[in-house]
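Engineer: Have a look at the structure that comes next, please.
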Amino acid sequence: MSQPKIRLSGLTKSFGEKRVLDGIDLDMTAGRSMVILGGSGSGKSVTLKCMLGLLVPDAGMVEIDGRDVLKMPRREREALNDRIGMLFQNGALFDSLPVWENVCFKLLAQKRITRAAARDKAAEVLAQVGLAASVGDLSPAELSGGMQKRVGLARAIASEPEILFFDEPTTGLDPIMGAVIDGLIRDCVQRLGATAVSITHDMASARRIGDEAAMLHKGRIVWTGPAAELGHTGNAMVDQFARGEREGPIQMELRR
Amino acid sequence: MSAAEGQDAVPRPAAGGAAAMVLDGIAAIGRGVIGVTRDLGAVTLFAAEAVSHLVRPPFYGRILLRHFIEIAYFSLPVVALTAVFTGMVLALQSYTGFARFNAEGAVANVVVLSITRELGPVLAGLMVAGRIGAAFAAEIGTMRVTDQIDALTTLSTNPMKYLVAPRLLAASIALPLLVVVADILGVMGGWLIGSVRLGFASQSYLSATFNFLQFADVLSGLVKAAAFGFVIALMGCWCGYHSRGGAQGVGGATTTAVVASSILILAFDYVLTELFFAR
């Protein structure tokens with residue numbers, strides 16, 4: 001069996017008394033799109049942040065192309081980020097910069113491109129996510145939620161990364177805009193031939209953008225399989241989550 | 001043995017009351033000292049890391065220039081007004097005070113020394129702390145709570161290099177320049193009141209000012225200003241960088257940045273004055 005693009009082994013993370021990740025083991029195949037599902041507080045965002053190097057796990061390994069990124073020197077880790085693109089849940093666009101500078105931020109910051117060339121590049125990438133070149137001159141604050149997601153996606157793909165991470169890509173969007181964003185994600189991932197990792201609790205989105213899926217519950221992976229099977233996996237937890245049923249093995253923890 | 005039993009095994013004064021209160025008081029002081037020491041160490045490491053980025057490429061000249069203009073140019077009105085009025089009040093106060101022992105002739109000397117050595121840098125520092133320290137904390141704090149700082153990391157950009165280092169350098173350069181303006185306008189404020197209101201001959205007031213002034217007086221003020229600029233930017237960046245909890249957290253960070261930098265300006269002023277002028 002070929003080596004996975006990303007491998008998580010025994011990933012553990014606690015915040016104070018609360019153990020958020022309890023030994024995550026998960027492989028992500030190169031060129032495929034993995035969707036990590038889970039309810040609120042299940043540890044999805046923490047898993048993603050550990051993969052991105054934004055959080056340091058208490059134990060375990062995050063391997064990319066067979067190398068443990070947690071043990072990499074900082075400079076090497078920063079170089080690895082050149083091969084990664086990330087779409088944040090709220091866009092996380094820099095509101096002190098116009099849209100075109102946001103889109104080409106990485107290229108400009110690393111002086112891989114002149115400012116004049118960056119404007120043209122931004123227009124080209126904005127077109128790939130269905131936005132007009134004139135949007136490049138706007139401030140992020142002038143954009144709707146859907147447009148901010150598109151600009152966030154444009155920023156993620158501008159440097160043509162090998163790995164793309166998506167954090168709740170459709171949260172806060174209406175169903176039609178959610179489907180549009182999912183379609184763009186799918187197109188971008190296929191065009192770049194990238195490995196994609198998304199976290200979401202939107203089942204429709206998971207089916208649209210995922211080749212494979214994994215279910216996270218109480219800090220553990222409880223199921224992995226094809227995304228197309230979601231809803232009829234035979235796993236009671238996954239099926240309850242996919243159908244949004246109140247009754248089942250997953251019980252909401254209510255504070256009284 | 002359980003943890004609870006272990007805790008019970010720690011000897012405590014049998015008589016609760018006064019002894020327990022004294023111990024609780026000492027424990028609270030100890031916690032406070034530990035907390036302050038920890039924060040001081042963390043701020044020092046933060047500053048050291050930011051300064052280390054000033055000498056390592058890549059350099060963000062455009063960002064540095066933007067912050068420099070924001071601090072130096074846009075703080076000019078508030079610093080100028082503060083300096084002019086301070087010089088005017090100082091001339092008036094020292095004249096009425098010195099008149100009690102017939103020393104009115106020292107007004108020009110007192111004004112120029114007070115402005116260049118102390119009031120110019122300190123008041124400019126406090127004004128800039130209110131404007132820039134708060135702005136830095138609010139901007140970086142908002143970036144923290146909206147994931148923009150995490151986004152910088154994922155875009156292969158070190159947040160310390162991009163956000164903190166240029167602000168520290170810009171403030172350290174801009175504040176001495178503002179203080180040069182404050183010195184000139186403060187002295188002019190004193191001259192205006194001296195010549196128009198207090199009856200000094202304009203030429204003799206200016207002669208008394210410049211004959212008495214030494215280069216070291218101005219230089220000490222400029223060195224203080226550079227230190228104050230560094231402290232203002234450092235506290236603004238530190239508080240913003242470590243803000244948590246949405247709008248309330250950012251608001252708290254902004255307040256803390258202004259209060260902390262104001263107090264540190266006064267504390268540093270004393271330390272630097274000791275270094276420059278203590279005999």
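Residue numbering restarts at 1 for every chain of the structure tokens, chains are lettered A, B, ... in their displayed order, and ligands are numbered from 1 as they appear.
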Tell me the residues of chain A close to chain B, meaning within 8 Å using only C-alpha atoms, as a PyMOL selection string.
Structural biologist: chain A and resi 52+54+78-79+81-82+84-86+88+90+92-94+105-106+109-110
Engineer: Any chance you could list, as a ChimeraX atom specification, the residues in segment 102-210 of chain A that come up alpha helix (DSSP H) when DSSP is run on the backbone?
Structural biologist: /A:102-103,105-109,115-128,145-157,175-192,203-209
Engineer: Need the shell around segment 172-187 of chain B: protein/DNA/RNA residues with any atom at most 6 Å away, counting only C-alpha atoms. Skip same-chain ones fewer than 5 positions apart. Format as JSON, numbers by chain?
Structural biologist: {"B": [72, 80, 83, 84, 87, 112, 115, 116, 120, 121, 222, 225, 226, 229, 230]}
Engineer: Which parts of segment 65-224 of chain A does DSSP call strand (DSSP E or B) when run on the backbone here, written out as a ChimeraX atom specification?
Structural biologist: /A:67-68,84-87,163-167,195-200,212-217,220-224
Engineer: So that each row is one residue of segment 93-198 of chain B with an atom at most 12 Å from segment 264-277 of chain B, can you give its shortest atom pair and the distance in Å to one decimal, using only C-alpha atoms, rows by chain and rising number, as a tab-separated table?
Structural biologist:
```
residue	atom	partner	partner_atom	distance
B:Arg117	CA	B:Thr273	CA	8.6
B:Glu118	CA	B:Asp269	CA	7.9
B:Leu119	CA	B:Asp269	CA	10.3
B:Gly120	CA	B:Asp269	CA	11.6
B:Pro121	CA	B:Asp269	CA	8.9
B:Val122	CA	B:Ile265	CA	7.0
B:Leu123	CA	B:Ile265	CA	9.6
B:Ala124	CA	B:Ile265	CA	10.4
B:Gly125	CA	B:Ile265	CA	7.1
B:Leu126	CA	B:Ile265	CA	7.5
B:Met127	CA	B:Ile265	CA	11.1
B:Val128	CA	B:Ile265	CA	10.9
B:Ala129	CA	B:Ile265	CA	9.0
B:Gly130	CA	B:Ile265	CA	12.0
B:Gly133	CA	B:Ile265	CA	12.0
```
Engineer: Grab the residues selected above and save them as an mmCIF file, in the first residue's frame with C-alpha atoms.
Structural biologist:
```
data_model
loop_
_atom_site.group_PDB
_atom_site.id
_atom_site.type_symbol
_atom_site.label_atom_id
_atom_site.label_comp_id
_atom_site.auth_asym_id
_atom_site.auth_seq_id
_atom_site.Cartn_x
_atom_site.Cartn_y
_atom_site.Cartn_z
ATOM 1 C CA ARG B 117 14.612 66.655 29.615
ATOM 2 C CA GLU B 118 11.214 65.602 30.948
ATOM 3 C CA LEU B 119 7.957 67.006 29.728
ATOM 4 C CA GLY B 120 8.605 66.735 26.006
ATOM 5 C CA PRO B 121 9.353 63.003 25.984
ATOM 6 C CA VAL B 122 6.984 62.049 28.808
ATOM 7 C CA LEU B 123 3.943 63.943 27.569
ATOM 8 C CA ALA B 124 4.543 62.966 23.947
ATOM 9 C CA GLY B 125 4.942 59.372 25.157
ATOM 10 C CA LEU B 126 1.688 59.449 27.106
ATOM 11 C CA MET B 127 -0.193 60.984 24.171
ATOM 12 C CA VAL B 128 1.184 58.403 21.748
ATOM 13 C CA ALA B 129 0.443 55.622 24.249
ATOM 14 C CA GLY B 130 -3.210 56.670 24.188
ATOM 15 C CA GLY B 133 -0.739 51.736 22.010
#
```
Engineer: Quick check, in Å to one decimal: how far apart do atom CA of Met72 of chain A and atom CA of Ala194 of chain A lie?
Structural biologist: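 These two atoms are separated by 22.2 Å.
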Engineer: Just how far from atom CA of Gly194 of chain B is atom CA of Ala108 of chain B, in Å to one decimal?
Structural biologist: 7.9 Å
Engineer: Rounded to one decimal, what separation in Å do you get between atom CA of Ala154 of chain A and atom CA of Leu173 of chain A?
Structural biologist: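 Separating atom CA of Ala154 of chain A from atom CA of Leu173 of chain A is a distance of 17.2 Å.
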